[in-house]
>>> print(open('query-v9.tsv').read())   # TSV, C-alpha atoms
chain	number	residue	atom	x	y	z
L	1	MET	CA	67.14	175.91	81.60
L	2	SER	CA	64.30	178.16	82.62
L	3	LEU	CA	63.10	175.47	85.00
L	4	HIS	CA	66.52	175.22	86.58
L	5	THR	CA	66.69	178.99	87.13
L	6	GLU	CA	63.19	178.97	88.57
L	7	GLU	CA	64.18	176.16	90.95
L	8	GLU	CA	67.30	178.00	92.08
L	9	GLU	CA	65.25	181.09	92.89
L	10	HIS	CA	62.98	179.00	95.08
L	11	ILE	CA	65.84	177.38	96.94
L	12	SER	CA	67.78	180.61	97.35
L	13	GLY	CA	64.91	181.86	99.53
L	14	VAL	CA	66.18	179.44	102.21
L	15	THR	CA	69.41	180.27	104.00
L	16	THR	CA	71.93	178.00	105.67
L	17	LYS	CA	70.50	179.22	108.98
L	18	THR	CA	67.12	177.66	108.09
L	19	PHE	CA	68.75	174.27	107.50
L	20	LEU	CA	70.66	174.57	110.79
L	21	ASN	CA	67.45	175.45	112.65
L	22	VAL	CA	65.72	172.39	111.14
L	23	TRP	CA	68.69	170.22	112.15
L	24	PHE	CA	68.58	171.55	115.74
L	25	ALA	CA	64.81	170.96	115.87
L	26	LEU	CA	65.30	167.36	114.68
L	27	LEU	CA	68.02	166.73	117.28
L	28	PHE	CA	65.87	168.27	120.02
L	29	MET	CA	62.90	166.04	119.14
L	30	THR	CA	65.19	162.98	119.13
L	31	GLY	CA	66.35	163.97	122.63
L	32	VAL	CA	62.72	164.29	123.76
L	33	GLU	CA	61.97	160.80	122.39
L	34	VAL	CA	64.87	159.24	124.33
L	35	PHE	CA	63.81	161.14	127.48
L	36	LEU	CA	60.22	159.87	127.13
L	37	ALA	CA	61.46	156.27	126.81
L	38	TYR	CA	62.58	156.37	130.45
L	39	GLU	CA	59.57	158.23	131.86
L	40	GLN	CA	57.37	155.14	132.45
L	41	LEU	CA	54.41	156.58	130.53
L	42	PRO	CA	51.35	154.44	129.67
L	43	VAL	CA	52.06	152.57	126.42
L	44	VAL	CA	49.30	154.28	124.41
L	45	ILE	CA	50.47	157.77	125.40
L	46	PHE	CA	54.12	156.84	124.82
L	47	LEU	CA	53.42	155.33	121.39
L	48	THR	CA	51.26	158.32	120.38
L	49	ALA	CA	53.98	160.77	121.48
L	50	LEU	CA	56.71	158.83	119.66
L	51	LEU	CA	54.69	158.54	116.44
L	52	GLY	CA	53.62	162.20	116.63
L	53	LEU	CA	57.23	163.35	117.00
L	54	SER	CA	58.34	160.99	114.22
L	55	VAL	CA	55.71	162.36	111.83
L	56	ILE	CA	56.79	165.96	112.64
L	57	LYS	CA	60.44	165.00	112.07
L	58	ALA	CA	59.58	163.29	108.77
L	59	ALA	CA	57.57	166.33	107.65
L	60	LEU	CA	60.51	168.66	108.43
L	61	ILE	CA	62.93	166.44	106.49
L	62	ILE	CA	60.56	166.21	103.50
L	63	ALA	CA	59.70	169.93	103.51
L	64	TYR	CA	63.16	171.43	104.00
L	65	PHE	CA	65.91	168.86	103.35
L	66	MET	CA	64.06	167.29	100.41
L	67	HIS	CA	62.87	170.74	99.24
L	68	LEU	CA	59.26	169.62	98.73
L	69	ARG	CA	58.05	172.87	100.30
L	70	PHE	CA	59.59	174.71	97.35
L	71	GLU	CA	58.20	172.43	94.62
L	72	LYS	CA	54.90	172.92	92.83
L	73	LEU	CA	51.80	171.82	94.73
L	74	SER	CA	50.94	169.46	91.85
L	75	LEU	CA	54.01	167.33	92.67
L	76	PHE	CA	52.96	166.99	96.31
L	77	LEU	CA	49.37	166.19	95.35
L	78	THR	CA	50.52	163.52	92.89
L	79	LEU	CA	52.83	161.75	95.33
L	80	PHE	CA	51.56	162.01	98.89
L	81	PRO	CA	47.76	161.61	99.14
L	82	MET	CA	47.91	158.07	97.74
L	83	LEU	CA	50.83	157.17	100.02
L	84	ILE	CA	48.91	158.40	103.06
L	85	LEU	CA	45.76	156.61	101.87
L	86	CYS	CA	47.66	153.31	101.46
L	87	ILE	CA	49.17	153.64	104.95
L	88	ILE	CA	45.75	154.41	106.47
L	89	LEU	CA	44.25	151.41	104.66
L	90	MET	CA	47.00	149.13	105.99
L	91	LEU	CA	46.49	150.51	109.50
L	92	LEU	CA	42.71	150.08	109.38
L	93	ILE	CA	42.85	146.57	107.94
L	94	PHE	CA	45.72	145.01	109.89
L	95	MET	CA	46.11	146.74	113.23
L	96	PRO	CA	42.75	145.91	114.87
L	97	ASP	CA	43.53	142.24	114.22
L	98	SER	CA	46.68	142.39	116.37
L	99	SER	CA	44.69	143.32	119.48
L	100	ARG	CA	42.09	140.63	118.64
L	101	LEU	CA	44.87	138.02	118.81
L	102	MET	CA	45.85	139.39	122.20
L	103	MET	CA	42.27	139.00	123.49
L	104	MET	CA	42.08	135.41	122.21
L	105	ARG	CA	45.05	134.26	124.32
L	106	PRO	CA	44.12	131.94	127.22
L	107	ARG	CA	44.55	133.68	130.56
Y	1	MET	CA	36.49	178.16	87.08
Y	2	SER	CA	37.16	181.20	84.93
Y	3	GLU	CA	38.15	180.94	81.27
Y	4	VAL	CA	41.66	182.22	82.03
Y	5	ASN	CA	42.26	179.55	84.68
Y	6	THR	CA	40.92	176.81	82.40
Y	7	ALA	CA	43.22	177.98	79.62
Y	8	GLN	CA	46.23	177.98	81.97
Y	9	LEU	CA	45.42	174.50	83.24
Y	10	THR	CA	44.98	173.17	79.71
Y	11	SER	CA	48.25	174.67	78.56
Y	12	VAL	CA	50.19	173.14	81.48
Y	13	TRP	CA	48.80	169.62	81.03
Y	14	SER	CA	48.48	169.60	77.22
Y	15	GLY	CA	52.08	168.64	76.60
Y	16	GLY	CA	55.31	170.41	75.80
Y	17	ARG	CA	55.70	171.67	79.38
Y	18	SER	CA	56.60	170.04	82.67
Y	19	PRO	CA	53.50	170.20	84.87
Y	20	TYR	CA	55.57	169.45	87.98
Y	21	ALA	CA	58.43	171.83	87.06
Y	22	VAL	CA	61.00	169.15	87.95
Y	23	ASN	CA	63.32	167.20	85.68
Y	24	SER	CA	62.62	163.55	84.88
Y	25	LYS	CA	65.44	162.21	87.11
Y	26	LYS	CA	64.08	164.01	90.16
Y	27	PHE	CA	60.54	162.88	89.42
Y	28	GLY	CA	61.76	159.31	88.94
Y	29	MET	CA	63.54	159.41	92.29
Y	30	TRP	CA	60.40	160.75	93.97
Y	31	LEU	CA	58.38	157.85	92.51
Y	32	PHE	CA	61.00	155.37	93.76
Y	33	ILE	CA	60.94	157.00	97.21
Y	34	ILE	CA	57.16	156.72	97.43
Y	35	SER	CA	57.22	153.04	96.46
Y	36	ASP	CA	60.06	152.34	98.89
Y	37	ALA	CA	58.18	154.23	101.60
Y	38	LEU	CA	55.31	151.77	101.12
Y	39	THR	CA	57.72	148.85	101.50
Y	40	PHE	CA	59.06	150.21	104.79
Y	41	SER	CA	55.54	151.11	105.94
Y	42	ALA	CA	54.46	147.50	105.40
Y	43	LEU	CA	57.50	146.18	107.28
Y	44	LEU	CA	57.02	148.60	110.16
Y	45	MET	CA	53.37	147.62	110.36
Y	46	ALA	CA	54.25	143.93	110.34
Y	47	TYR	CA	56.72	144.62	113.16
Y	48	THR	CA	54.15	146.61	115.16
Y	49	TYR	CA	51.54	143.91	114.54
Y	50	VAL	CA	53.63	141.09	116.01
Y	51	ARG	CA	54.85	143.44	118.77
Y	52	LEU	CA	51.26	144.13	119.85
Y	53	ALA	CA	50.11	140.54	119.44
Y	54	THR	CA	52.96	139.07	121.51
Y	55	PRO	CA	52.52	139.63	125.26
Y	56	ASN	CA	56.07	138.61	126.27
Y	57	TRP	CA	57.87	140.69	123.64
Y	58	PRO	CA	61.51	140.99	124.72
Y	59	THR	CA	63.09	144.31	125.67
Y	60	PRO	CA	66.79	143.60	125.13
Y	61	PHE	CA	67.95	147.17	124.47
Y	62	HIS	CA	69.93	148.31	127.51
Y	63	PHE	CA	70.69	152.02	127.86
Y	64	SER	CA	74.35	151.18	127.34
Y	65	PRO	CA	75.30	150.30	124.68
Y	66	SER	CA	72.07	149.87	122.64
Y	67	ILE	CA	70.14	153.12	123.30
Y	68	ILE	CA	73.32	155.24	123.44
Y	69	PHE	CA	74.57	153.73	120.18
Y	70	SER	CA	71.22	154.07	118.39
Y	71	THR	CA	70.93	157.71	119.55
Y	72	ILE	CA	74.42	158.44	118.21
Y	73	MET	CA	73.42	156.65	114.98
Y	74	THR	CA	70.42	158.99	114.73
Y	75	PHE	CA	72.75	161.95	115.27
Y	76	CYS	CA	75.06	160.62	112.49
Y	77	LEU	CA	72.18	160.32	110.00
Y	78	LEU	CA	70.62	163.70	110.86
Y	79	SER	CA	74.01	165.40	110.59
Y	80	SER	CA	74.73	163.64	107.29
Y	81	SER	CA	71.42	164.96	105.96
Y	82	LEU	CA	72.51	168.48	106.91
Y	83	THR	CA	75.88	168.06	105.14
Y	84	MET	CA	74.05	166.65	102.09
Y	85	VAL	CA	71.85	169.76	101.96
Y	86	MET	CA	75.00	171.88	102.14
Y	87	GLY	CA	76.49	169.84	99.29
Y	88	VAL	CA	73.44	170.48	97.11
Y	89	HIS	CA	73.56	174.17	98.10
Y	90	ALA	CA	77.26	174.39	97.12
Y	91	MET	CA	76.58	172.63	93.81
Y	92	ASN	CA	73.69	175.01	93.06
Y	93	HIS	CA	76.19	177.85	93.44
Y	94	GLY	CA	78.68	176.15	91.13
Y	95	ASN	CA	81.21	175.33	93.88
Y	96	ARG	CA	82.17	171.78	92.94
Y	97	LYS	CA	85.09	171.53	95.38
Y	98	ALA	CA	82.90	172.43	98.36
Y	99	ALA	CA	80.18	170.08	97.08
Y	100	VAL	CA	82.65	167.16	97.01
Y	101	GLY	CA	83.75	168.02	100.57
Y	102	TRP	CA	80.15	168.07	101.82
Y	103	ILE	CA	79.31	164.79	100.03
Y	104	LEU	CA	82.38	163.15	101.63
Y	105	ALA	CA	81.24	164.48	105.03
Y	106	THR	CA	77.83	162.93	104.33
Y	107	MET	CA	79.51	159.62	103.56
Y	108	ALA	CA	81.45	159.85	106.83
Y	109	GLY	CA	78.15	160.21	108.72
Y	110	GLY	CA	76.68	157.25	106.83
Y	111	ALA	CA	79.79	155.12	107.43
Y	112	GLY	CA	79.63	155.99	111.16
Y	113	PHE	CA	76.02	154.84	111.18
Y	114	VAL	CA	76.84	151.49	109.53
Y	115	ILE	CA	79.81	150.82	111.84
Y	116	LEU	CA	77.76	151.56	114.97
Y	117	HIS	CA	74.83	149.53	113.64
Y	118	LEU	CA	77.01	146.49	112.93
Y	119	ASN	CA	78.50	146.87	116.42
Y	120	GLU	CA	74.97	146.90	117.84
Y	121	TRP	CA	74.04	143.81	115.80
Y	122	MET	CA	77.15	141.96	117.04
Y	123	ASN	CA	76.29	142.95	120.62
Y	124	LEU	CA	72.82	141.43	120.20
Y	125	ILE	CA	74.14	138.27	118.52
Y	126	ARG	CA	77.09	137.65	120.88
Y	127	ASN	CA	75.90	138.96	124.25
Y	128	GLU	CA	72.11	138.57	124.04
Y	129	HIS	CA	72.25	135.45	121.79
Y	130	VAL	CA	69.65	136.83	119.36
Y	131	THR	CA	69.61	135.42	115.82
Y	132	PRO	CA	67.02	135.86	113.05
Y	133	PHE	CA	65.45	132.54	114.04
Y	134	ASP	CA	66.00	132.15	117.77
Y	135	ASN	CA	66.58	133.99	121.05
Y	136	PRO	CA	66.66	133.17	124.78
Y	137	TRP	CA	63.14	134.59	125.39
Y	138	GLY	CA	61.39	132.11	123.08
Y	139	VAL	CA	60.03	134.79	120.74
Y	140	PRO	CA	61.71	133.98	117.41
Y	141	LEU	CA	59.63	136.65	115.66
Y	142	PHE	CA	61.63	139.29	117.52
Y	143	GLY	CA	64.88	138.40	115.75
Y	144	GLY	CA	63.13	137.82	112.42
Y	145	THR	CA	61.40	141.21	112.34
Y	146	PHE	CA	64.30	143.11	113.92
Y	147	PHE	CA	66.96	141.86	111.53
Y	148	ALA	CA	64.67	142.13	108.48
Y	149	LEU	CA	63.70	145.73	109.22
Y	150	THR	CA	67.08	147.08	110.32
Y	151	GLY	CA	68.88	144.93	107.74
Y	152	LEU	CA	66.85	146.35	104.86
Y	153	HIS	CA	67.49	149.85	106.16
Y	154	MET	CA	71.22	149.22	106.52
Y	155	THR	CA	71.27	147.86	102.94
Y	156	HIS	CA	69.75	151.17	101.83
Y	157	VAL	CA	72.44	153.09	103.74
Y	158	ILE	CA	75.24	151.00	102.16
Y	159	ILE	CA	73.74	151.49	98.67
Y	160	GLY	CA	73.52	155.23	99.48
Y	161	LEU	CA	77.20	155.26	100.43
Y	162	ILE	CA	78.15	153.66	97.10
Y	163	TYR	CA	75.85	156.09	95.23
Y	164	LEU	CA	77.37	159.11	97.03
Y	165	GLY	CA	80.91	157.78	96.46
Y	166	ILE	CA	80.25	157.65	92.72
Y	167	MET	CA	78.72	161.16	92.85
Y	168	ALA	CA	81.68	162.61	94.78
Y	169	PHE	CA	84.16	161.06	92.35
Y	170	ALA	CA	82.28	162.26	89.27
Y	171	VAL	CA	81.52	165.76	90.61
Y	172	GLY	CA	85.21	166.16	91.47
Y	173	ARG	CA	86.06	165.33	87.84
Y	174	GLY	CA	83.64	167.97	86.55
Y	175	LYS	CA	80.83	165.57	85.64
Y	176	PHE	CA	77.16	165.69	86.65
Y	177	LYS	CA	75.01	168.76	87.21
Y	178	ALA	CA	73.53	170.29	90.36
Y	179	GLU	CA	70.23	168.50	89.77
Y	180	ASP	CA	72.03	165.12	89.78
Y	181	VAL	CA	73.51	165.86	93.20
Y	182	GLU	CA	70.07	166.95	94.37
Y	183	VAL	CA	68.58	163.62	93.21
Y	184	SER	CA	71.23	161.68	95.16
Y	185	GLY	CA	70.43	163.94	98.14
Y	186	LEU	CA	66.74	162.99	97.89
Y	187	TYR	CA	67.68	159.32	98.26
Y	188	TRP	CA	69.94	160.04	101.23
Y	189	HIS	CA	67.30	162.12	103.04
Y	190	PHE	CA	64.79	159.31	102.51
Y	191	VAL	CA	67.14	156.84	104.22
Y	192	ASP	CA	67.39	159.32	107.11
Y	193	LEU	CA	63.60	159.73	107.17
Y	194	VAL	CA	62.97	155.98	107.46
Y	195	TRP	CA	65.30	155.78	110.47
Y	196	MET	CA	63.17	158.46	112.18
Y	197	PHE	CA	60.46	155.75	112.44
Y	198	ILE	CA	62.67	152.69	113.05
Y	199	PHE	CA	64.56	154.29	115.96
Y	200	PRO	CA	61.51	155.00	118.18
Y	201	LEU	CA	59.39	152.00	117.14
Y	202	VAL	CA	62.11	149.34	117.31
Y	203	TYR	CA	64.63	150.64	119.84
Y	204	LEU	CA	62.84	153.04	122.20
Y	205	MET	CA	59.67	150.91	122.41
Y	206	SER	CA	61.81	147.92	123.46
Y	207	ALA	CA	64.24	149.72	125.76
Y	208	LYS	CA	65.08	147.81	128.94
Y	209	ILE	CA	63.99	150.04	131.83
>>> encode(input="query-v9.tsv", output="C-alpha cells")
Amino acid sequence: MSLHTEEEEHISGVTTKTFLNVWFALLFMTGVEVFLAYEQLPVVIFLTALLGLSVIKAALIIAYFMHLRFEKLSLFLTLFPMLILCIILMLLIFMPDSSRLMMMRPR
Amino acid sequence: MSEVNTAQLTSVWSGGRSPYAVNSKKFGMWLFIISDALTFSALLMAYTYVRLATPNWPTPFHFSPSIIFSTIMTFCLLSSSLTMVMGVHAMNHGNRKAAVGWILATMAGGAGFVILHLNEWMNLIRNEHVTPFDNPWGVPLFGGTFFALTGLHMTHVIIGLIYLGIMAFAVGRGKFKAEDVEVSGLYWHFVDLVWMFIFPLVYLMSAKI
C-alpha cells in the first residue's frame, strides 16, 4: 500500500499538459521524418537522422508514457544497460558483414 | 561509501522490501518487454542487413496510399498511447468509468491501425504482386522480411487489442486495480514504441521518390 501511494505521488507530479506536449513532440518528429524522406538526402545522413529521431521518440515514450522517469533508478539500471549492450553487440557483429557482401558483388 | 549508505543498501537488498519499488506484475511486464525488444531488434537488424546487402532493393511504397496510410497508422498508435496514459491517470484517481472510456478509445486507435495495415498489405499483394516468397523485382527477401517484421508487429497489436478489451470489460465491472491497467498500458506503449522504428526503417527508407 505504501508503495502504491509513493507511486501515485510520483505520477501526480506530471500533468495532462505534459502528456499532451510529449504527444505533440512525437507527432512533430514523425512529420519531420516523412518530410526528410522526400528531401533526397545522402543515404547515410538520412538513415542517421531517421534513427536519431526514432531513438528520441522511443526515449520520450519510455520516459513519460511508460513512466520510467518516475521509477527508481535501480529498475532502469537492471533493465536497460544489458538491452543496449546486446543491441550494440548485434550491430558490431552483423552490420559490417552486410557491406562486405556488397563489396564482393561482381561489377 | 559511508556506514549509513552501506546500511541503507543492505536493508533494501536484504529481503522483505521491494528494491525496485514496483509490484511483481509490473516488473514481470518490464522483463517481457525487454526480451521482446531484443526479438524486434534482431528482426530489424536482419531486415537492415539484407537491405544493405541487396543493391536492387525495391522501393514499392508510393506516397499514396502507402506513405499516407503508414503516417496515419503512426498517428493512430501515438494517439492511442496518449489515450492509454489518460486511462491509467483516470484509474489512478479512482474514476473507473473514465478509465473504461479511455481504454475503449485506445482500442479504437489500435483497430484503426490494424485496418489500415491490412489495407496496405492487400495493396501490396494485389497491386504490386508482393508475396512473402516472390515479387516482380526478383528480390524475394523483400517480401519475406517485410511480412515477417510487420506481421509480428501486427500480431502484437491484435493481442494488445484483446488484452485491452478484457481490461475494459473487467474494469467496468469493478475488477482489477490501477496497477493492472498500468501494466496493460506498458504493453500497449511498447507496441507503439516498436512501430517508431519499423515506420522509418521499413516504409520511409523504401519510399518511391
>>> interface_residues(input="query-v9.tsv", of="chain L", to="chain Y", cutoff="9 Å", atoms="all atoms listed in the file", output="PyMOL selection string")
chain L and resi 3-4+6-8+11-12+16+19-20+22-23+26-27+30-31+33-34+36-38+40+43+46-47+50-51+54-55+57-59+61-62+65-67+71-75+79-80+83+86-87+90-91+94-95+97-103
>>> atom_distance(input="query-v9.tsv", atom1="CA of Gly151 in chain Y", atom2="CA of His117 in chain Y")
9.6 Å
>>> atom_distance(input="query-v9.tsv", atom1="CA of Asp134 in chain Y", atom2="CA of Thr150 in chain Y")
16.7 Å
>>> atom_distance(input="query-v9.tsv", atom1="CA of Arg126 in chain Y", atom2="CA of Gly138 in chain Y")
16.8 Å
>>> closest_residue(input="query-v9.tsv", among="Y:Ala105, Y:Ile125, Y:Ile72, Y:Val191", to="His156 in chain Y", atoms="only C-alpha atoms")
Y:Val191
>>> closest_residue(input="query-v9.tsv", among="Y:Phe176, Y:Phe169, Y:Phe142, Y:Tyr163", to="Asn56 in chain Y", atoms="all atoms listed in the file")
Y:Phe142
>>> closest_residue(input="query-v9.tsv", among="Y:Val114, Y:Val139, Y:Leu124, Y:Val171", to="Ile159 in chain Y", atoms="only C-alpha atoms")
Y:Val114
>>> residues_around(input="query-v9.tsv", residues="Leu43 in chain Y", least_positions_apart="6", cutoff="9 Å", atoms="only C-alpha atoms", output="PyMOL selection string")
chain Y and resi 145+148-149
>>> residues_around(input="query-v9.tsv", residues="Pro65 in chain Y", least_positions_apart="4", cutoff="9 Å", atoms="only C-alpha atoms", output="MDAnalysis selection string")
chainID Y and resid 61 69:70 120 123
>>> closest_residue(input="query-v9.tsv", among="L:Met104, L:Val14, L:Leu53, L:Ile88", to="Arg69 in chain L", atoms="all atoms listed in the file")
L:Val14
>>> closest_residue(input="query-v9.tsv", among="L:Leu89, L:Glu39, L:Ala63, L:Asn21", to="Phe76 in chain L", atoms="only C-alpha atoms")
L:Ala63
>>> closest_residue(input="query-v9.tsv", among="Y:Ala90, Y:Gly143, Y:Ile103, Y:Met154", to="Ile115 in chain Y", atoms="all atoms listed in the file")
Y:Met154
